[in-house]
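Below is my_file.tsv, holding TSV, C-alpha atoms.
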```tsv
chain	number	residue	atom	x	y	z
A	150	MET	CA	197.77	-13.61	195.44
A	151	THR	CA	198.64	-16.13	192.73
A	152	GLU	CA	201.93	-17.97	193.06
A	153	ILE	CA	203.74	-20.39	190.78
A	154	ASP	CA	206.96	-22.39	190.80
A	155	LEU	CA	209.02	-21.53	187.74
A	156	PRO	CA	212.10	-23.56	186.73
A	157	GLY	CA	215.18	-21.46	187.33
A	158	HIS	CA	213.29	-18.84	189.34
A	159	GLY	CA	211.72	-20.70	192.24
A	160	ARG	CA	208.38	-19.66	193.61
A	161	ILE	CA	207.18	-16.28	192.35
A	162	ARG	CA	204.11	-14.24	193.17
A	163	LEU	CA	202.27	-12.83	190.18
A	164	ARG	CA	201.39	-9.16	190.19
A	165	GLU	CA	197.83	-7.96	190.05
A	166	PRO	CA	196.96	-6.64	186.58
A	167	ALA	CA	196.86	-2.89	186.21
A	168	VAL	CA	193.46	-1.27	185.87
A	169	LEU	CA	193.65	0.58	182.57
A	170	PRO	CA	191.05	2.89	181.06
A	171	ALA	CA	189.56	1.38	177.90
A	172	SER	CA	188.08	3.29	175.00
A	173	PRO	CA	187.36	2.44	171.37
A	174	ASP	CA	188.53	5.93	170.37
A	175	ALA	CA	191.83	6.00	168.53
A	176	ALA	CA	194.76	7.99	169.85
A	177	ARG	CA	194.83	11.54	168.50
A	178	SER	CA	198.56	12.24	168.32
A	179	ARG	CA	199.75	8.97	166.75
A	180	THR	CA	198.30	6.41	164.37
A	181	ALA	CA	198.83	2.94	165.79
A	182	PHE	CA	198.32	-0.50	164.27
A	183	ALA	CA	198.77	-3.78	166.09
A	184	ALA	CA	199.95	-6.51	163.73
A	185	ALA	CA	197.65	-9.37	164.71
A	186	HIS	CA	198.26	-13.13	164.94
A	187	VAL	CA	195.92	-15.83	163.70
A	188	VAL	CA	194.36	-18.51	165.91
A	189	ALA	CA	194.80	-22.03	164.58
A	190	ASP	CA	192.08	-24.66	164.67
A	191	PRO	CA	193.43	-27.01	167.38
A	192	LEU	CA	191.76	-29.98	165.67
A	193	GLY	CA	193.05	-29.02	162.22
A	194	ASP	CA	195.96	-30.69	160.48
A	195	ASN	CA	198.31	-27.80	161.20
A	196	ALA	CA	201.51	-29.72	160.53
A	197	PRO	CA	204.55	-28.13	158.88
A	198	GLY	CA	203.85	-27.72	155.19
A	199	ALA	CA	200.13	-28.46	155.48
A	200	PRO	CA	197.45	-25.94	154.44
A	201	ALA	CA	196.55	-23.68	157.35
A	202	ALA	CA	193.45	-24.59	159.33
A	203	VAL	CA	192.25	-21.43	161.10
A	204	ASP	CA	189.78	-20.94	163.95
A	205	TRP	CA	187.98	-18.02	162.32
A	206	ASP	CA	185.73	-17.16	165.27
A	207	SER	CA	188.66	-16.75	167.68
A	208	THR	CA	190.81	-15.02	165.07
A	209	LEU	CA	188.16	-12.37	164.41
A	210	ALA	CA	187.32	-12.04	168.11
A	211	PHE	CA	190.92	-11.04	168.76
A	212	ARG	CA	190.72	-8.37	166.07
A	213	ARG	CA	187.56	-6.99	167.66
A	214	HIS	CA	189.47	-6.89	170.95
A	215	LEU	CA	192.16	-4.72	169.35
A	216	TRP	CA	189.59	-2.40	167.78
A	217	SER	CA	187.79	-2.09	171.13
A	218	LEU	CA	190.99	-0.56	172.52
A	219	GLY	CA	191.16	2.07	169.78
A	220	LEU	CA	194.02	0.39	167.92
A	221	GLY	CA	194.08	-0.25	164.21
A	222	VAL	CA	194.69	-3.79	162.98
A	223	ALA	CA	197.47	-4.64	160.54
A	224	ASP	CA	196.41	-8.00	159.19
A	225	ALA	CA	197.91	-10.67	156.96
A	226	MET	CA	201.41	-9.55	157.95
A	227	ASP	CA	204.39	-11.56	159.18
A	228	THR	CA	202.81	-11.65	162.67
A	229	ALA	CA	199.98	-13.64	161.09
A	230	GLN	CA	202.64	-16.14	159.93
A	231	ARG	CA	202.80	-15.06	156.30
A	232	GLY	CA	205.46	-17.30	154.81
A	233	MET	CA	205.63	-19.37	158.00
A	234	GLY	CA	202.47	-21.47	157.96
A	235	LEU	CA	199.71	-19.20	156.64
A	236	ASP	CA	199.30	-20.06	152.96
A	237	TRP	CA	197.72	-17.76	150.36
A	238	PRO	CA	194.21	-19.37	150.32
A	239	ALA	CA	193.95	-18.90	154.11
A	240	THR	CA	195.43	-15.40	153.82
A	241	ARG	CA	192.88	-14.42	151.18
A	242	GLU	CA	190.06	-15.60	153.43
A	243	LEU	CA	191.60	-13.78	156.41
A	244	ILE	CA	191.69	-10.50	154.48
A	245	THR	CA	188.09	-10.90	153.33
A	246	ARG	CA	186.79	-11.84	156.78
A	247	SER	CA	188.75	-9.11	158.55
A	248	GLY	CA	187.49	-6.56	156.04
A	249	ALA	CA	183.89	-7.48	156.83
A	250	ALA	CA	184.57	-7.38	160.57
A	251	ALA	CA	186.22	-3.96	160.27
A	252	ARG	CA	183.27	-2.54	158.37
A	253	ALA	CA	180.86	-3.90	160.98
A	254	CYS	CA	182.54	-2.06	163.86
A	255	GLY	CA	184.21	0.86	162.10
A	256	GLY	CA	187.70	-0.43	162.88
A	257	ARG	CA	190.77	0.70	160.99
A	258	LEU	CA	192.31	-2.09	158.92
A	259	ALA	CA	195.41	-2.38	156.78
A	260	CYS	CA	196.40	-5.65	155.11
A	261	GLY	CA	199.57	-7.07	153.67
A	262	VAL	CA	199.97	-7.38	149.91
A	263	GLY	CA	202.60	-9.93	148.96
A	264	THR	CA	203.57	-12.56	146.43
A	265	ASP	CA	203.40	-15.75	148.47
A	266	GLN	CA	200.99	-17.46	146.06
A	267	LEU	CA	203.98	-17.97	143.76
A	268	ALA	CA	205.56	-21.42	143.85
A	269	PRO	CA	209.13	-21.67	145.12
A	270	GLY	CA	211.72	-21.07	142.43
A	271	ALA	CA	212.77	-18.38	140.01
A	272	HIS	CA	210.23	-15.86	138.68
A	273	ALA	CA	210.60	-12.91	136.33
A	274	PRO	CA	209.92	-9.45	137.79
A	275	ALA	CA	206.77	-9.24	135.63
A	276	ALA	CA	205.41	-12.40	137.27
A	277	VAL	CA	206.21	-10.99	140.70
A	278	ARG	CA	204.34	-7.80	139.87
A	279	ALA	CA	201.34	-9.82	138.62
A	280	ALA	CA	201.26	-11.75	141.91
A	281	TYR	CA	201.38	-8.48	143.86
A	282	GLU	CA	198.53	-7.12	141.71
A	283	GLU	CA	196.36	-10.16	142.41
A	284	GLN	CA	196.75	-9.66	146.15
A	285	LEU	CA	196.29	-5.90	145.87
A	286	THR	CA	192.88	-6.51	144.29
A	287	VAL	CA	191.86	-8.75	147.22
A	288	VAL	CA	192.92	-6.15	149.79
A	289	GLN	CA	191.15	-3.33	147.94
A	290	GLU	CA	187.95	-5.36	147.63
A	291	ALA	CA	188.06	-5.94	151.39
A	292	GLY	CA	188.14	-2.17	151.94
A	293	ALA	CA	191.52	-2.30	153.67
A	294	GLN	CA	194.52	-0.05	153.26
A	295	PRO	CA	197.23	-1.86	151.27
A	296	ILE	CA	200.61	-2.57	152.85
A	297	LEU	CA	203.11	-3.50	150.13
A	298	MET	CA	205.08	-6.20	151.91
A	299	ALA	CA	208.63	-7.18	151.14
A	300	SER	CA	208.65	-10.10	148.70
A	301	ARG	CA	210.98	-13.09	148.79
A	302	ALA	CA	210.25	-13.64	145.11
A	303	LEU	CA	211.22	-10.07	144.23
A	304	ALA	CA	214.39	-10.31	146.32
A	305	ALA	CA	215.35	-13.38	144.28
A	306	ALA	CA	214.31	-11.97	140.91
A	307	ALA	CA	215.54	-8.37	141.05
A	308	ARG	CA	218.76	-7.62	139.23
A	309	GLY	CA	219.20	-4.30	140.99
A	310	PRO	CA	217.41	-1.24	142.39
A	311	GLU	CA	215.74	-0.51	139.05
A	312	ASP	CA	213.58	-3.66	139.29
A	313	TYR	CA	212.32	-2.62	142.72
A	314	LEU	CA	211.53	0.87	141.47
A	315	GLU	CA	209.66	-0.48	138.46
A	316	VAL	CA	207.61	-3.11	140.33
A	317	TYR	CA	206.72	-0.89	143.28
A	318	GLY	CA	206.08	2.11	141.05
A	319	GLY	CA	203.49	0.18	139.05
A	320	LEU	CA	201.78	-1.12	142.19
A	321	ILE	CA	201.61	2.33	143.79
A	322	ALA	CA	200.12	3.82	140.64
A	323	GLY	CA	197.55	1.02	140.44
A	324	SER	CA	196.31	1.28	144.02
A	325	ASP	CA	192.96	2.94	144.63
A	326	ARG	CA	194.29	4.63	147.77
A	327	PRO	CA	197.68	5.65	149.22
A	328	VAL	CA	199.74	2.65	150.27
A	329	LEU	CA	202.04	1.80	153.13
A	330	LEU	CA	205.46	0.44	152.24
A	331	HIS	CA	207.08	-2.23	154.41
A	332	TRP	CA	210.84	-2.67	154.80
A	333	LEU	CA	211.31	-5.93	156.67
A	334	GLY	CA	214.87	-6.69	157.72
A	335	GLU	CA	216.56	-10.03	157.18
A	336	MET	CA	216.46	-10.75	160.94
A	337	PHE	CA	212.72	-11.21	160.42
A	338	ASP	CA	213.17	-13.14	157.15
A	339	PRO	CA	216.64	-14.19	155.95
A	340	ALA	CA	215.30	-14.55	152.39
A	341	LEU	CA	215.00	-10.74	152.25
A	342	SER	CA	218.73	-10.12	152.45
A	343	GLY	CA	219.78	-7.39	150.03
A	344	TYR	CA	216.29	-5.97	149.67
A	345	TRP	CA	215.93	-2.80	147.59
A	346	GLY	CA	218.83	-4.00	145.47
A	347	SER	CA	221.77	-3.82	147.87
A	348	ALA	CA	223.14	-5.42	151.02
A	349	ASP	CA	224.51	-1.97	151.90
A	350	LEU	CA	221.77	-0.36	153.98
A	351	ASP	CA	222.83	3.15	152.97
A	352	GLU	CA	222.40	2.24	149.31
A	353	ALA	CA	219.10	0.49	150.05
A	354	THR	CA	217.91	3.59	151.89
A	355	ALA	CA	218.75	5.75	148.88
A	356	THR	CA	216.59	3.51	146.68
A	357	VAL	CA	213.69	3.68	149.15
A	358	LEU	CA	213.90	7.47	149.23
A	359	GLU	CA	214.03	7.60	145.42
A	360	LEU	CA	210.85	5.49	145.26
A	361	ILE	CA	209.06	7.58	147.88
A	362	GLY	CA	210.15	10.84	146.31
A	363	ALA	CA	208.74	9.79	142.95
A	364	HIS	CA	205.37	8.76	144.41
A	365	ALA	CA	205.03	10.82	147.60
A	366	ASP	CA	201.40	11.75	146.92
A	367	ARG	CA	200.46	8.03	146.66
A	368	ILE	CA	202.37	6.80	149.73
A	369	GLU	CA	200.85	7.29	153.16
A	370	GLY	CA	203.92	6.04	154.98
A	371	ILE	CA	206.59	3.39	155.36
A	372	LYS	CA	206.93	0.79	158.10
A	373	VAL	CA	210.55	0.04	158.91
A	374	SER	CA	211.48	-3.17	160.75
A	375	LEU	CA	215.28	-3.10	160.96
A	376	LEU	CA	215.66	-2.97	164.77
A	377	ASP	CA	217.98	0.01	164.29
A	378	ALA	CA	216.62	3.15	165.94
A	379	ASP	CA	219.28	5.50	164.58
A	380	ARG	CA	218.71	4.37	161.00
A	381	GLU	CA	214.95	4.74	161.40
A	382	ILE	CA	215.31	8.27	162.75
A	383	ALA	CA	217.63	9.24	159.89
A	384	LEU	CA	215.16	7.88	157.32
A	385	ARG	CA	212.26	9.54	159.13
A	386	ARG	CA	213.95	12.94	158.87
A	387	ALA	CA	214.60	12.42	155.16
A	388	LEU	CA	211.00	11.59	154.23
A	389	PRO	CA	209.09	14.09	152.07
A	390	PRO	CA	206.43	16.17	153.87
A	391	GLY	CA	203.23	14.20	154.35
A	392	VAL	CA	204.85	10.74	154.26
A	393	ARG	CA	204.79	9.09	157.67
A	394	MET	CA	207.25	6.82	159.38
A	395	TYR	CA	205.63	3.78	161.03
A	396	THR	CA	208.01	2.12	163.44
A	397	GLY	CA	208.28	-1.63	163.26
A	398	ASP	CA	211.13	-1.58	165.78
A	399	ASP	CA	210.04	-3.91	168.56
A	400	PHE	CA	213.16	-3.02	170.59
A	401	HIS	CA	212.99	0.81	170.66
A	402	TYR	CA	209.32	1.67	170.10
A	403	PRO	CA	208.74	3.89	173.18
A	404	GLU	CA	211.37	6.47	172.23
A	405	LEU	CA	210.62	6.28	168.50
A	406	ILE	CA	206.90	6.86	169.01
A	407	ARG	CA	207.54	9.61	171.57
A	408	GLY	CA	209.89	11.27	169.11
A	409	ASP	CA	211.89	14.46	169.47
A	410	GLU	CA	211.79	18.10	168.42
A	411	ARG	CA	212.29	17.03	164.78
A	412	GLY	CA	209.49	14.49	164.53
A	413	HIS	CA	208.15	11.15	165.66
A	414	SER	CA	207.17	7.72	164.38
A	415	HIS	CA	203.70	6.26	164.23
A	416	ALA	CA	203.32	2.57	165.05
A	417	LEU	CA	202.76	-0.69	163.20
A	418	LEU	CA	204.08	-3.28	165.58
A	419	GLY	CA	203.86	-6.99	166.27
A	420	VAL	CA	204.61	-6.36	169.94
A	421	PHE	CA	201.36	-4.38	170.18
A	422	ASP	CA	199.49	-7.70	169.81
A	423	PRO	CA	200.39	-8.98	173.32
A	424	ILE	CA	200.68	-5.54	174.98
A	425	ALA	CA	197.63	-3.99	173.30
A	426	ALA	CA	195.86	-2.66	176.40
A	427	ILE	CA	199.04	-1.09	177.78
A	428	ALA	CA	199.96	0.37	174.39
A	429	ALA	CA	196.52	1.96	174.02
A	430	ALA	CA	196.75	3.48	177.51
A	431	ALA	CA	200.28	4.77	176.86
A	432	LEU	CA	199.20	6.46	173.63
A	433	ARG	CA	196.32	8.16	175.45
A	434	ALA	CA	198.80	9.43	178.04
A	435	LEU	CA	200.88	10.80	175.18
A	436	ASP	CA	197.78	12.53	173.80
A	437	GLU	CA	197.38	14.23	177.17
A	438	GLY	CA	201.03	15.27	177.35
A	439	ASP	CA	201.64	13.01	180.35
A	440	LEU	CA	205.09	11.74	179.39
A	441	ASP	CA	205.77	10.31	182.85
A	442	ARG	CA	202.71	8.08	182.59
A	443	TYR	CA	203.66	7.17	179.01
A	444	GLU	CA	207.10	6.02	180.15
A	445	GLU	CA	205.71	4.28	183.24
A	446	LEU	CA	203.38	2.17	181.13
A	447	PHE	CA	205.78	1.28	178.32
A	448	ALA	CA	209.04	0.78	180.28
A	449	PRO	CA	208.21	-2.69	181.73
A	450	THR	CA	207.13	-3.94	178.30
A	451	VAL	CA	210.54	-3.37	176.71
A	452	PRO	CA	212.35	-6.33	178.39
A	453	LEU	CA	209.39	-8.48	177.37
A	454	ALA	CA	209.63	-7.26	173.77
A	455	ARG	CA	213.39	-7.76	173.57
A	456	HIS	CA	213.03	-11.35	174.76
A	457	LEU	CA	210.02	-11.98	172.52
A	458	PHE	CA	211.94	-10.82	169.45
A	459	ALA	CA	215.31	-12.31	170.40
A	460	ALA	CA	217.25	-14.17	167.71
A	461	PRO	CA	216.20	-16.09	165.75
A	462	THR	CA	213.76	-13.18	165.47
A	463	PHE	CA	211.47	-14.81	162.92
A	464	HIS	CA	210.24	-17.20	165.64
A	465	TYR	CA	208.72	-14.34	167.63
A	466	LYS	CA	205.26	-15.44	166.47
A	467	THR	CA	205.51	-18.45	168.79
A	468	GLY	CA	205.82	-16.14	171.78
A	469	VAL	CA	202.97	-13.92	170.56
A	470	VAL	CA	200.58	-16.87	170.41
A	471	PHE	CA	201.86	-18.23	173.72
A	472	LEU	CA	201.06	-14.90	175.39
A	473	ALA	CA	197.60	-14.81	173.76
A	474	TRP	CA	196.92	-18.24	175.27
A	475	LEU	CA	198.14	-17.16	178.71
A	476	ALA	CA	195.96	-14.04	178.51
A	477	GLY	CA	192.84	-16.02	177.65
A	478	HIS	CA	192.38	-14.80	174.09
A	479	GLN	CA	192.39	-18.41	172.86
A	480	ASP	CA	191.94	-21.82	174.44
A	481	HIS	CA	195.09	-23.56	173.22
A	482	PHE	CA	198.72	-23.09	172.30
A	483	THR	CA	198.60	-24.50	168.76
A	484	MET	CA	199.78	-22.66	165.64
A	485	VAL	CA	199.41	-23.09	161.91
A	486	GLY	CA	202.41	-24.85	160.45
A	487	GLY	CA	203.18	-26.40	163.84
A	488	ALA	CA	205.06	-23.23	164.75
A	489	GLN	CA	204.40	-23.66	168.48
A	490	SER	CA	207.66	-25.65	168.50
A	491	GLY	CA	209.63	-22.56	167.43
A	492	ARG	CA	210.75	-21.60	170.95
A	493	SER	CA	212.22	-23.67	173.76
A	494	LEU	CA	210.64	-24.25	177.16
A	495	PRO	CA	213.26	-22.06	178.93
A	496	HIS	CA	212.45	-19.24	176.47
A	497	LEU	CA	208.73	-19.55	177.25
A	498	VAL	CA	209.34	-19.69	181.00
A	499	GLU	CA	211.26	-16.41	180.81
A	500	LEU	CA	208.55	-14.95	178.58
A	501	PHE	CA	205.95	-15.82	181.23
A	502	ARG	CA	208.03	-14.11	183.93
A	503	LEU	CA	208.53	-10.97	181.85
A	504	ALA	CA	204.86	-10.87	180.84
A	505	ASP	CA	203.91	-10.87	184.51
A	506	ALA	CA	206.41	-8.08	185.24
A	507	ALA	CA	205.00	-6.05	182.33
A	508	GLY	CA	201.42	-6.44	183.56
A	509	VAL	CA	200.07	-8.05	180.38
A	510	LEU	CA	198.43	-11.07	182.05
A	511	PRO	CA	194.86	-9.92	182.76
A	512	ASP	CA	193.93	-13.04	184.77
A	513	PRO	CA	196.91	-14.26	186.85
A	514	ASP	CA	195.08	-17.38	188.03
A	515	LEU	CA	194.33	-18.45	184.47
A	516	ALA	CA	197.85	-17.67	183.29
A	517	ALA	CA	199.43	-19.61	186.15
A	518	ASP	CA	197.16	-22.60	185.57
A	519	ARG	CA	198.05	-22.71	181.88
A	520	MET	CA	201.76	-22.33	182.59
A	521	ARG	CA	201.59	-25.22	185.08
A	522	ARG	CA	199.90	-27.39	182.46
A	523	LEU	CA	202.57	-26.58	179.90
A	524	LEU	CA	205.30	-27.46	182.38
A	525	ALA	CA	203.57	-30.74	183.22
A	526	VAL	CA	203.32	-31.71	179.53
A	527	ALA	CA	207.06	-30.95	179.24
A	528	GLY	CA	207.74	-33.29	182.13
A	529	VAL	CA	208.62	-30.61	184.67
A	530	ALA	CA	207.36	-31.63	188.10
A	531	ALA	CA	205.35	-29.10	190.11
```

Please rewrite the model in this file as structure tokens.
Amino acid sequence: MTEIDLPGHGRIRLREPAVLPASPDAARSRTAFAAAHVVADPLGDNAPGAPAAVDWDSTLAFRRHLWSLGLGVADAMDTAQRGMGLDWPATRELITRSGAAARACGGRLACGVGTDQLAPGAHAPAAVRAAYEEQLTVVQEAGAQPILMASRALAAAARGPEDYLEVYGGLIAGSDRPVLLHWLGEMFDPALSGYWGSADLDEATATVLELIGAHADRIEGIKVSLLDADREIALRRALPPGVRMYTGDDFHYPELIRGDERGHSHALLGVFDPIAAIAAAALRALDEGDLDRYEELFAPTVPLARHLFAAPTFHYKTGVVFLAWLAGHQDHFTMVGGAQSGRSLPHLVELFRLADAAGVLPDPDLAADRMRRLLAVAGVAA
């Protein structure tokens, strides 16, 4: 049995990883995307503000890992550090490379369409729409499903709900396939405060429903990342027939995906990146009607998720990459934009402990060795 001394916890014994059935077949009862992180080039100049240097081989290998579990990949999203280190040239290449990789293995791929090629500063709504259209073309050429991401530039430019309706309406009409909408709360990006034209979430919800109602046949679903289960359920019940709710709630995903007698949410989640194998197994249990097994698998991951996405929530990407390093999906704990500094050592120590409890460390010896090395670099004696 592997043991490690953790500051604040003493000596702990790591659990043996669960043996989970693996299959490349997607779940039948729910559609599930894992929002995937990017792997930085450890020898690249990935300093804050510098162009992103990406390790493409490791980045694509992780996407193939997700597809091998039957999960879809949501790429070029906030989990991939859009707006926090991953610039538009690197994002464009990511979308193109992931599209080719998805075609090669038959994996399901959706990619974020944003406006982050615009320089900081004020932009007219027409310029914001043109930036969206440029990115939409890249995503369509890659063969991926478009996810219309929330835009900082649109949040700054819009004078009210009518600008959102006009910009999004044009994009939806111009897409060659039904789109996914993305409502990202300000806890994930403070620059998105007042999105949809109002800081009042009830008013914002009314605008979202007006947009969806006007274009229901061109919208496959909406991903909601507000960390508010009751609000998500209320919006889910108000959606027109045929438009899906995709939960982005990394705090309440087990009950939202399970659903109730009036419906359920599908999944497009950043937390599915580090818990991918468990998530895939839980969804198969749900397919089989084994709710006890579903709960048994997901329950230990919730404390991990709540810590991973703790405030300031937008730094959750640091924990995602840290867990990928512990799990052996990459050889280093370096991030584009230098974002590995986004969480403190005590936060990472607790993340390690919760990851062990959740069973998401496939090789305890490797994870313990890497944690010891991180502690040594931080000056913590063994």

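When only C-alpha atoms are used to compute distances to Ala387 of chain A, the closest of the residues A:Leu417, A:Val470, A:Ala527, A:Ala355 turns out to be A:Ala355.
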
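Note that atom CA of Gly419 of chain A and atom CA of Ala340 of chain A are 19.5 Å apart.
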
Radius query 9 Å about (220.6, -6.8, 145.6), atoms used: only C-alpha atoms, as a PyMOL selection string: chain A and resi 304-305+307-310+342-349+353

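Atom pair atom CA of Glu311 of chain A / atom CA of Val357 of chain A: separated by 11.1 Å.
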
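Residues lying within 9 Å of Ala251 of chain A, counting all atoms listed in the file and ignoring same-chain neighbours fewer than 5 positions away, are Arg212, Arg213, Trp216, Val222, Arg246, Gly256, Arg257, Leu258, Gly292 and Ala293 of chain A.
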
Selected residues written out with C-alpha atoms, as a PDB file, in the frame of the given file:
```pdb
ATOM      1  CA  ARG A 212     190.720  -8.370 166.070  1.00  0.00           C
ATOM      2  CA  ARG A 213     187.560  -6.990 167.660  1.00  0.00           C
ATOM      3  CA  TRP A 216     189.590  -2.400 167.780  1.00  0.00           C
ATOM      4  CA  VAL A 222     194.690  -3.790 162.980  1.00  0.00           C
ATOM      5  CA  ARG A 246     186.790 -11.840 156.780  1.00  0.00           C
ATOM      6  CA  GLY A 256     187.700  -0.430 162.880  1.00  0.00           C
ATOM      7  CA  ARG A 257     190.770   0.700 160.990  1.00  0.00           C
ATOM      8  CA  LEU A 258     192.310  -2.090 158.920  1.00  0.00           C
ATOM      9  CA  GLY A 292     188.140  -2.170 151.940  1.00  0.00           C
ATOM     10  CA  ALA A 293     191.520  -2.300 153.670  1.00  0.00           C
TER      11      ALA A 293
END
```

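Compared by their closest atoms to Tyr402 of chain A, and using all atoms listed in the file, the residues A:Met226, A:Ala181, A:Val529, A:Val188 rank with A:Ala181 nearest.
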
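Considering the residues A:Val469, A:Ala429, A:Ala239, A:Leu155 and counting only C-alpha atoms, Leu524 of chain A has its shortest atom-to-atom contact with A:Leu155.
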
Shell of 7 Å around segment 475-489 of chain A, only C-alpha atoms, local chain residues under 3 positions omitted, as a PyMOL selection string: chain A and resi 188-189+191+195-199+201-202+207+211+233-235+467+470-472+510-512+516+519

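Proximity to Arg433 of chain A was assessed for A:Leu446, A:Ala291, A:Glu381, A:His401 counting all atoms listed in the file; the smallest distance is recorded for A:Leu446.
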
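Using all atoms listed in the file, the contacts of Glu242 of chain A at a cut-off of 12 Å, with sequence neighbours closer than 2 positions omitted, comprise A:Val187, A:Ala201, A:Ala202, A:Val203, A:Asp204, A:Trp205, A:Thr208, A:Leu209, A:Asp224, A:Ala225, A:Leu235, A:Asp236, A:Trp237, A:Pro238, A:Ala239, A:Thr240, A:Ile244, A:Thr245, A:Arg246, A:Ser247, A:Gly248, A:Ala249, A:Cys260, A:Gln284, A:Val287, A:Val288, A:Glu290, A:Ala291.
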
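Atom pair atom CA of Leu376 of chain A / atom CA of Gly334 of chain A has a distance of 8.0 Å (rounded to one decimal).
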
Radius query 10 Å about (199.9, -7.9, 153.8), atoms used: all atoms listed in the file, as a VMD selection string: chain A and resid 223 to 227 229 231 240 to 241 244 259 to 264 284 to 285 288 294 to 299 329 331

Need the shell around segment 165-167 of chain A: protein/DNA/RNA residues with any atom at most 12 Å away, counting only C-alpha atoms. Skip same-chain ones fewer than 4 positions apart. Format as a PDB file with C-alpha atoms, keeping the file's coordinate frame?
```
ATOM      1  CA  MET A 150     197.770 -13.610 195.440  1.00  0.00           C
ATOM      2  CA  THR A 151     198.640 -16.130 192.730  1.00  0.00           C
ATOM      3  CA  GLU A 152     201.930 -17.970 193.060  1.00  0.00           C
ATOM      4  CA  ALA A 171     189.560   1.380 177.900  1.00  0.00           C
ATOM      5  CA  ALA A 426     195.860  -2.660 176.400  1.00  0.00           C
ATOM      6  CA  ILE A 427     199.040  -1.090 177.780  1.00  0.00           C
ATOM      7  CA  ALA A 430     196.750   3.480 177.510  1.00  0.00           C
ATOM      8  CA  GLU A 445     205.710   4.280 183.240  1.00  0.00           C
ATOM      9  CA  LEU A 446     203.380   2.170 181.130  1.00  0.00           C
ATOM     10  CA  ALA A 476     195.960 -14.040 178.510  1.00  0.00           C
ATOM     11  CA  ALA A 504     204.860 -10.870 180.840  1.00  0.00           C
ATOM     12  CA  ASP A 505     203.910 -10.870 184.510  1.00  0.00           C
ATOM     13  CA  ALA A 506     206.410  -8.080 185.240  1.00  0.00           C
ATOM     14  CA  ALA A 507     205.000  -6.050 182.330  1.00  0.00           C
ATOM     15  CA  GLY A 508     201.420  -6.440 183.560  1.00  0.00           C
ATOM     16  CA  VAL A 509     200.070  -8.050 180.380  1.00  0.00           C
ATOM     17  CA  LEU A 510     198.430 -11.070 182.050  1.00  0.00           C
ATOM     18  CA  PRO A 511     194.860  -9.920 182.760  1.00  0.00           C
ATOM     19  CA  ASP A 512     193.930 -13.040 184.770  1.00  0.00           C
ATOM     20  CA  PRO A 513     196.910 -14.260 186.850  1.00  0.00           C
ATOM     21  CA  ASP A 514     195.080 -17.380 188.030  1.00  0.00           C
ATOM     22  CA  ALA A 516     197.850 -17.670 183.290  1.00  0.00           C
TER      23      ALA A 516
END
```

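The neighbours of Pro156 of chain A here are the residues that come within 12 Å of it, using all atoms listed in the file and leaving out any residue fewer than 3 positions away in the same chain; they are Ile153, Gly159, Arg160, Ile161, Leu494, Pro495, His496, Leu497, Val498, Glu499, Phe501, Arg502, Met520, Arg521, Leu524, Ala525, Ala527, Gly528, Val529, Ala530 and Ala531 of chain A.
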
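You can rank A:Leu320, A:Val526, A:Leu358, A:Ala454 by their closest distance to Glu283 of chain A using only C-alpha atoms, and at the top of that list sits A:Leu320.
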
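Among the candidate residues A:Leu330, A:Ala273, A:Ala185, A:Leu350, the one lying nearest to Leu243 of chain A is A:Ala185, with distances computed using all atoms listed in the file.
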